[in-house]
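Note: the block below is coords-v2.pdb and it holds PDB, C-alpha atoms.
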```
ATOM      1  CA  MET A   1       0.000   0.000   0.000
ATOM      2  CA  ASP A   2       1.619   3.282  -1.095
ATOM      3  CA  LEU A   3       1.850   6.384   1.076
ATOM      4  CA  ALA A   4      -0.820   8.352  -0.792
ATOM      5  CA  LYS A   5      -3.378   5.586  -0.346
ATOM      6  CA  GLU A   6      -2.550   5.260   3.357
ATOM      7  CA  LEU A   7      -3.058   9.006   3.842
ATOM      8  CA  VAL A   8      -6.416   8.877   2.048
ATOM      9  CA  ILE A   9      -7.536   5.987   4.286
ATOM     10  CA  LEU A  10      -6.365   7.840   7.403
ATOM     11  CA  PHE A  11      -8.229  10.992   6.364
ATOM     12  CA  PHE A  12     -11.378   8.962   5.712
ATOM     13  CA  ARG A  13     -11.145   7.338   9.139
ATOM     14  CA  ILE A  14     -10.677  10.682  10.863
ATOM     15  CA  ILE A  15     -13.631  12.393   9.163
ATOM     16  CA  THR A  16     -15.889   9.417   9.908
ATOM     17  CA  VAL A  17     -14.858   8.466  13.448
ATOM     18  CA  LEU A  18     -14.619  11.972  14.964
ATOM     19  CA  PRO A  19     -18.238  12.951  14.153
ATOM     20  CA  LEU A  20     -19.267   9.574  15.562
ATOM     21  CA  MET A  21     -17.268  10.331  18.737
ATOM     22  CA  ILE A  22     -18.947  13.734  19.038
ATOM     23  CA  PHE A  23     -22.392  12.197  18.626
ATOM     24  CA  ILE A  24     -21.725   9.453  21.197
ATOM     25  CA  THR A  25     -20.246  11.957  23.673
ATOM     26  CA  ILE A  26     -23.303  14.200  23.386
ATOM     27  CA  MET A  27     -25.561  11.181  23.845
ATOM     28  CA  MET A  28     -23.600  10.168  26.947
ATOM     29  CA  GLY A  29     -24.471  13.526  28.532
ATOM     30  CA  ARG A  30     -22.767  16.705  29.649
ATOM     31  CA  ARG A  31     -22.002  15.180  33.046
ATOM     32  CA  SER A  32     -19.476  12.859  31.446
ATOM     33  CA  ILE A  33     -17.362  15.815  30.383
ATOM     34  CA  ALA A  34     -17.989  18.297  33.187
ATOM     35  CA  GLU A  35     -17.563  15.952  36.174
ATOM     36  CA  LEU A  36     -15.877  12.828  34.829
ATOM     37  CA  PRO A  37     -16.600  10.310  37.622
ATOM     38  CA  VAL A  38     -14.489   7.170  37.746
ATOM     39  CA  PHE A  39     -16.729   5.069  35.457
ATOM     40  CA  ASP A  40     -17.005   7.824  32.842
ATOM     41  CA  PHE A  41     -13.248   8.314  33.043
ATOM     42  CA  LEU A  42     -12.718   4.639  32.171
ATOM     43  CA  VAL A  43     -15.202   4.942  29.299
ATOM     44  CA  VAL A  44     -13.332   7.948  27.893
ATOM     45  CA  ILE A  45     -10.009   6.093  28.201
ATOM     46  CA  THR A  46     -11.498   3.070  26.419
ATOM     47  CA  LEU A  47     -12.947   5.185  23.623
ATOM     48  CA  GLY A  48      -9.609   6.910  23.178
ATOM     49  CA  ALA A  49      -7.787   3.576  22.976
ATOM     50  CA  VAL A  50     -10.240   2.165  20.411
ATOM     51  CA  VAL A  51     -10.148   5.243  18.193
ATOM     52  CA  GLY A  52      -6.389   5.667  18.583
ATOM     53  CA  ALA A  53      -5.752   2.087  17.496
ATOM     54  CA  ASP A  54      -8.038   2.553  14.500
ATOM     55  CA  LEU A  55      -6.229   5.686  13.334
ATOM     56  CA  ALA A  56      -2.748   4.287  13.949
ATOM     57  CA  ASP A  57      -3.221   0.853  12.361
ATOM     58  CA  PRO A  58      -4.694   0.780   8.817
ATOM     59  CA  ASN A  59      -5.045  -3.008   9.068
ATOM     60  CA  ILE A  60      -7.874  -2.712  11.616
ATOM     61  CA  ASP A  61     -11.321  -2.968  10.051
ATOM     62  CA  HIS A  62     -12.811   0.505  10.300
ATOM     63  CA  ILE A  63     -16.362  -0.793  10.630
ATOM     64  CA  HIS A  64     -15.356  -2.646  13.800
ATOM     65  CA  THR A  65     -14.180   0.616  15.354
ATOM     66  CA  GLY A  66     -17.483   2.315  14.576
ATOM     67  CA  VAL A  67     -19.466  -0.551  16.087
ATOM     68  CA  ALA A  68     -17.208  -0.590  19.168
ATOM     69  CA  VAL A  69     -17.657   3.155  19.720
ATOM     70  CA  ILE A  70     -21.441   2.865  19.473
ATOM     71  CA  LEU A  71     -21.581  -0.137  21.832
ATOM     72  CA  ILE A  72     -19.332   1.556  24.394
ATOM     73  CA  GLY A  73     -21.512   4.671  24.296
ATOM     74  CA  LEU A  74     -24.714   2.642  24.697
ATOM     75  CA  PHE A  75     -23.162   0.675  27.561
ATOM     76  CA  GLN A  76     -22.248   3.911  29.331
ATOM     77  CA  ILE A  77     -25.804   5.226  28.926
ATOM     78  CA  VAL A  78     -27.321   2.008  30.335
ATOM     79  CA  VAL A  79     -24.922   1.936  33.301
ATOM     80  CA  THR A  80     -25.516   5.626  34.053
ATOM     81  CA  LYS A  81     -29.300   5.173  34.068
ATOM     82  CA  TRP A  82     -28.939   2.107  36.300
ATOM     83  CA  LYS A  83     -26.686   4.068  38.649
ATOM     84  CA  ILE A  84     -29.294   6.823  38.926
ATOM     85  CA  SER A  85     -32.146   4.403  39.637
ATOM     86  CA  ASN A  86     -30.133   2.128  41.954
ATOM     87  CA  ARG A  87     -28.150   4.064  44.575
ATOM     88  CA  THR A  88     -26.482   0.928  45.936
ATOM     89  CA  PHE A  89     -25.074   0.107  42.509
ATOM     90  CA  GLY A  90     -24.077   3.742  42.056
ATOM     91  CA  ARG A  91     -21.952   3.680  45.208
ATOM     92  CA  LEU A  92     -20.179   0.544  44.032
ATOM     93  CA  ILE A  93     -18.823   2.128  40.834
ATOM     94  CA  THR A  94     -17.845   5.542  42.144
ATOM     95  CA  PHE A  95     -16.214   7.232  45.136
ATOM     96  CA  GLU A  96     -18.120   8.488  48.146
ATOM     97  CA  PRO A  97     -17.788  12.139  49.200
ATOM     98  CA  THR A  98     -15.138  12.355  51.899
ATOM     99  CA  ILE A  99     -14.815  15.014  54.600
ATOM    100  CA  VAL A 100     -11.209  16.195  54.816
ATOM    101  CA  ILE A 101     -11.523  19.354  56.965
ATOM    102  CA  HIS A 102     -13.923  20.095  59.801
ATOM    103  CA  ASN A 103     -13.821  23.349  61.748
ATOM    104  CA  GLY A 104     -10.316  24.051  60.479
ATOM    105  CA  GLN A 105      -9.009  20.606  61.433
ATOM    106  CA  PHE A 106      -7.624  18.155  58.879
ATOM    107  CA  LEU A 107      -9.037  14.632  59.068
ATOM    108  CA  VAL A 108      -5.781  12.816  58.457
ATOM    109  CA  LYS A 109      -7.159   9.270  58.143
ATOM    110  CA  ASN A 110      -9.634  10.414  55.511
ATOM    111  CA  LEU A 111      -6.826  12.063  53.550
ATOM    112  CA  TYR A 112      -4.828   8.835  53.636
ATOM    113  CA  LYS A 113      -7.898   6.819  52.654
ATOM    114  CA  ILE A 114      -8.468   8.795  49.453
ATOM    115  CA  ARG A 115      -4.707   9.185  48.869
ATOM    116  CA  TYR A 116      -4.694  12.966  48.924
ATOM    117  CA  SER A 117      -1.654  14.747  50.320
ATOM    118  CA  ILE A 118      -1.857  17.888  52.394
ATOM    119  CA  ASP A 119      -0.232  19.703  49.454
ATOM    120  CA  ASN A 120      -3.170  18.672  47.235
ATOM    121  CA  ILE A 121      -5.695  20.102  49.698
ATOM    122  CA  LEU A 122      -3.753  23.311  50.318
ATOM    123  CA  GLN A 123      -3.543  23.912  46.575
ATOM    124  CA  MET A 124      -7.272  23.320  46.154
ATOM    125  CA  LEU A 125      -7.961  25.734  49.027
ATOM    126  CA  ARG A 126      -5.834  28.401  47.353
ATOM    127  CA  GLU A 127      -7.684  27.821  44.097
ATOM    128  CA  ASN A 128     -10.830  28.727  46.055
ATOM    129  CA  ASP A 129      -9.178  31.895  47.423
ATOM    130  CA  ILE A 130      -8.703  30.411  50.886
ATOM    131  CA  PHE A 131      -5.249  30.940  52.358
ATOM    132  CA  ASP A 132      -6.035  30.085  55.962
ATOM    133  CA  VAL A 133      -7.437  26.648  56.756
ATOM    134  CA  SER A 134      -8.880  27.948  60.031
ATOM    135  CA  HIS A 135     -11.507  29.793  57.943
ATOM    136  CA  VAL A 136     -12.972  26.488  56.722
ATOM    137  CA  GLU A 137     -16.006  25.056  58.483
ATOM    138  CA  LEU A 138     -16.264  22.004  56.244
ATOM    139  CA  ALA A 139     -14.357  20.758  53.197
ATOM    140  CA  ILE A 140     -15.427  17.696  51.212
ATOM    141  CA  VAL A 141     -13.623  15.907  48.397
ATOM    142  CA  GLU A 142     -16.431  14.981  46.013
ATOM    143  CA  ALA A 143     -16.718  11.857  43.872
ATOM    144  CA  ASN A 144     -15.202  13.723  40.908
ATOM    145  CA  GLY A 145     -12.153  14.773  42.940
ATOM    146  CA  GLN A 146     -13.198  18.409  43.349
ATOM    147  CA  LEU A 147     -13.097  20.136  46.731
ATOM    148  CA  THR A 148     -16.342  21.614  48.071
ATOM    149  CA  ILE A 149     -15.801  24.212  50.784
ATOM    150  CA  HIS A 150     -18.126  25.752  53.332
ATOM    151  CA  LYS A 151     -16.591  28.701  55.137
ATOM    152  CA  LYS A 152     -17.248  29.619  58.719
ATOM    153  CA  PRO A 153     -20.134  32.112  59.077
ATOM    154  CA  SER A 154     -17.820  35.021  59.921
ATOM    155  CA  LYS A 155     -15.824  34.311  56.738
ATOM    156  CA  ALA A 156     -18.769  33.953  54.370
ATOM    157  CA  THR A 157     -19.386  36.213  51.383
ATOM    158  CA  VAL A 158     -20.622  39.092  53.552
ATOM    159  CA  THR A 159     -18.211  38.955  56.466
ATOM    160  CA  LEU A 160     -17.776  40.895  59.657
ATOM    161  CA  GLU A 161     -14.529  42.185  58.171
ATOM    162  CA  ASP A 162     -16.475  43.633  55.228
ATOM    163  CA  MET A 163     -18.601  45.596  57.689
ATOM    164  CA  GLY A 164     -15.538  46.939  59.462
ATOM    165  CA  LEU A 165     -16.467  45.260  62.734
ATOM    166  CA  THR A 166     -13.446  43.003  62.960
ATOM    167  CA  LYS A 167     -10.048  42.812  61.386
ATOM    168  CA  SER A 168      -8.066  39.641  60.868
ATOM    169  CA  ALA A 169      -5.440  38.276  58.513
ATOM    170  CA  ASP A 170      -6.597  36.096  55.639
ATOM    171  CA  LEU A 171      -3.082  34.901  54.772
ATOM    172  CA  SER A 172      -1.350  32.222  56.813
ATOM    173  CA  TYR A 173       1.936  30.431  56.297
ATOM    174  CA  PRO A 174       2.416  26.681  56.854
ATOM    175  CA  VAL A 175       4.988  26.266  59.612
ATOM    176  CA  VAL A 176       4.530  22.569  60.428
ATOM    177  CA  ILE A 177       3.571  19.889  57.915
ATOM    178  CA  ASP A 178       3.288  16.268  59.027
ATOM    179  CA  GLY A 179       5.388  16.806  62.142
ATOM    180  CA  LYS A 180       8.202  18.753  60.434
ATOM    181  CA  LEU A 181       8.961  22.299  61.567
ATOM    182  CA  TYR A 182       9.929  24.784  58.847
ATOM    183  CA  LYS A 183      12.313  27.097  60.692
ATOM    184  CA  GLU A 184      12.708  29.432  57.717
ATOM    185  CA  VAL A 185       9.027  30.407  58.022
ATOM    186  CA  LEU A 186       9.588  31.418  61.653
ATOM    187  CA  GLU A 187      12.637  33.415  60.604
ATOM    188  CA  GLN A 188      10.674  35.256  57.899
ATOM    189  CA  LEU A 189       8.025  36.140  60.485
ATOM    190  CA  HIS A 190      10.758  37.213  62.931
ATOM    191  CA  LEU A 191       9.788  34.567  65.453
ATOM    192  CA  SER A 192      11.977  32.197  67.422
ATOM    193  CA  GLU A 193      11.623  28.465  67.960
ATOM    194  CA  ASP A 194      11.318  29.095  71.694
ATOM    195  CA  TRP A 195       8.304  31.342  71.080
ATOM    196  CA  PHE A 196       6.722  28.702  68.875
ATOM    197  CA  TYR A 197       7.177  25.912  71.418
ATOM    198  CA  GLN A 198       5.790  28.156  74.151
ATOM    199  CA  GLU A 199       2.672  28.678  72.042
ATOM    200  CA  LEU A 200       2.366  24.914  71.616
ATOM    201  CA  SER A 201       2.672  24.493  75.395
ATOM    202  CA  LYS A 202      -0.260  26.873  75.840
ATOM    203  CA  LEU A 203      -2.269  24.487  73.651
ATOM    204  CA  GLU A 204      -0.995  21.540  75.740
ATOM    205  CA  ILE A 205       0.877  20.105  72.763
ATOM    206  CA  ARG A 206       4.065  18.407  73.950
ATOM    207  CA  ASP A 207       5.246  16.620  70.821
ATOM    208  CA  ILE A 208       5.566  18.392  67.480
ATOM    209  CA  LYS A 209       5.274  14.985  65.760
ATOM    210  CA  SER A 210       1.619  14.930  66.825
ATOM    211  CA  ILE A 211       0.939  17.968  64.605
ATOM    212  CA  PHE A 212      -0.298  17.235  61.102
ATOM    213  CA  PHE A 213      -0.503  20.887  60.049
ATOM    214  CA  ALA A 214       0.159  24.228  61.700
ATOM    215  CA  SER A 215       0.124  27.727  60.251
ATOM    216  CA  LEU A 216       0.936  31.257  61.370
ATOM    217  CA  THR A 217      -0.373  34.641  60.269
ATOM    218  CA  ASP A 218       1.498  37.924  60.244
ATOM    219  CA  GLN A 219      -0.362  38.751  63.455
ATOM    220  CA  LYS A 220       1.165  35.654  65.121
ATOM    221  CA  GLN A 221      -2.126  33.784  65.150
ATOM    222  CA  LEU A 222      -1.346  30.080  65.389
ATOM    223  CA  HIS A 223      -3.642  27.410  63.965
ATOM    224  CA  VAL A 224      -2.930  23.722  64.674
ATOM    225  CA  SER A 225      -4.449  20.533  63.272
ATOM    226  CA  LEU A 226      -3.435  17.303  65.049
ATOM    227  CA  ASN A 227      -2.893  13.812  63.706
ATOM    228  CA  ASN A 228      -5.144  12.075  66.216
ATOM    229  CA  ASN A 229      -8.209  14.312  66.156
ATOM    230  CA  GLN A 230     -10.277  12.353  63.647
ATOM    231  CA  VAL A 231     -12.112   9.980  65.991
ATOM    232  CA  THR A 232     -13.426  12.839  68.119
ATOM    233  CA  ILE A 233     -14.445  14.946  65.113
ATOM    234  CA  MET A 234     -16.109  12.145  63.145
ATOM    235  CA  LYS A 235     -18.335  11.264  66.119
ATOM    236  CA  LYS A 236     -19.881  14.717  65.786
ATOM    237  CA  LEU A 237     -20.538  14.492  62.053
ATOM    238  CA  PRO A 238     -23.302  12.607  60.223
ATOM    239  CA  PRO A 239     -22.224  10.553  57.195
ATOM    240  CA  ILE A 240     -22.360  12.230  53.773
ATOM    241  CA  PHE A 241     -23.778  10.310  50.818
ATOM    242  CA  HIS A 242     -24.373  11.201  47.163
TER     243      HIS A 242
END
```

Encoded form (structure tokens):
Amino acid sequence: MDLAKELVILFFRIITVLPLMIFITIMMGRRSIAELPVFDFLVVITLGAVVGADLADPNIDHIHTGVAVILIGLFQIVVTKWKISNRTFGRLITFEPTIVIHNGQFLVKNLYKIRYSIDNILQMLRENDIFDVSHVELAIVEANGQLTIHKKPSKATVTLEDMGLTKSADLSYPVVIDGKLYKEVLEQLHLSEDWFYQELSKLEIRDIKSIFFASLTDQKQLHVSLNNNQVTIMKKLPPIFH
């Protein structure tokens, strides 16, 4: 098969399979693109593999690719409808929402369970314009991996600060992460290690290794989240389902 013929075949496959992909994607629903839960993610990966193999290998029967794309799309539609009508089945093929912060405290075991690092959560907080974890009343990692945040009442859209009644710093600096003290942060804030340990003593914290996360503001406001606080916190919270 000469090069010109191969290029013609490739062009034909592209102009036939891509409109089919668009049609199937639209049929699968906007949710598949906007949220991409785990099952839809696997469907997209499978579709990409099928179409990629078809475009890369001219020896594959093109009609088989078209049939495969249609069947995969139909299968996704059937499974999605079943997931909506049967909540038990829906929970089996997706992730449950997971609480990762409550009242400014990290729930360390939940973070480990969903394999999110503290860096992941801090980045997602910053993406939501939150630079101080103590402002968070509740933070939930949703089934699609996004972070849903509910601020404390005083830090909501119309805050006491907006009314000029209170004044506080919105920017805090991580000074302890997973039991490790970052001395350079203390130096930048012109604070000593002795001062920091005295503040921990006031909070009855004897071992820095017990701290999962701690932050300081320019006004020397210290916020601490411990490693072993999850059992106490989770007893106060009802479970969250889809």

Exercise: Pro174 in chain A partners within 12 Å, all atoms listed in the file, chain neighbours under 3 positions left out, as a ChimeraX atom specification: /A:118-119,122,131-134,171,177-186,188-189,211-218,221-225

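You will find CA of Glu204 in chain A at 27.3 Å from CA of Lys155 in chain A.
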
Hits from the PyMOL selection byres ((chain A and resi 78-94) around 8), listed as a VMD selection string: chain A and resid 37 to 39 74 to 77 95 to 96 143

Keeping C-alpha atoms, export the residues of the selection given above as a PDB file, in the frame of the given file.
```pdb
ATOM      1  CA  PRO A  37     -16.600  10.310  37.622  1.00  0.00           C
ATOM      2  CA  VAL A  38     -14.489   7.170  37.746  1.00  0.00           C
ATOM      3  CA  PHE A  39     -16.729   5.069  35.457  1.00  0.00           C
ATOM      4  CA  LEU A  74     -24.714   2.642  24.697  1.00  0.00           C
ATOM      5  CA  PHE A  75     -23.162   0.675  27.561  1.00  0.00           C
ATOM      6  CA  GLN A  76     -22.248   3.911  29.331  1.00  0.00           C
ATOM      7  CA  ILE A  77     -25.804   5.226  28.926  1.00  0.00           C
ATOM      8  CA  PHE A  95     -16.214   7.232  45.136  1.00  0.00           C
ATOM      9  CA  GLU A  96     -18.120   8.488  48.146  1.00  0.00           C
ATOM     10  CA  ALA A 143     -16.718  11.857  43.872  1.00  0.00           C
TER      11      ALA A 143
END
```

Counting all atoms listed in the file, the option among A:Leu55, A:Met124, A:Ile149, A:Ile45 closest to Phe12 in chain A: A:Leu55

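Take the candidates A:Val17, A:Val67, A:Val176, A:Leu138 and check each one against Gly104 in chain A using only C-alpha atoms; the shortest distance goes to A:Leu138.
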
Point-to-point distance in Å for CA of His102 in chain A and CA of Ile233 in chain A: 7.4 Å

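In this structure, CA of Asn59 in chain A sits 17.6 Å away from CA of Ile15 in chain A.
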
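Summary of the local environment: counting all atoms listed in the file, residues at most 9 Å from Ile140 in chain A, other than itself and those fewer than 6 positions away along its chain, are Pro97, Thr98, Ile99, Val100, Ile101, Gln146, Leu147, Thr148, Ile149 and His150 of chain A.
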
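In this comparison, which uses only C-alpha atoms, the residue of A:Lys220, A:Arg13, A:His190, A:Lys209 approaching Asp57 in chain A most closely is A:Arg13.
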
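Considering the residues A:Lys152, A:Arg115, A:Lys109, A:Lys202 and counting all atoms listed in the file, Ile130 in chain A has its shortest atom-to-atom contact with A:Lys152.
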
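Using all atoms listed in the file, the smallest distance between any of A:Val8, A:Ile70, A:Ala53, A:Leu203 and Leu20 in chain A comes from A:Ile70.
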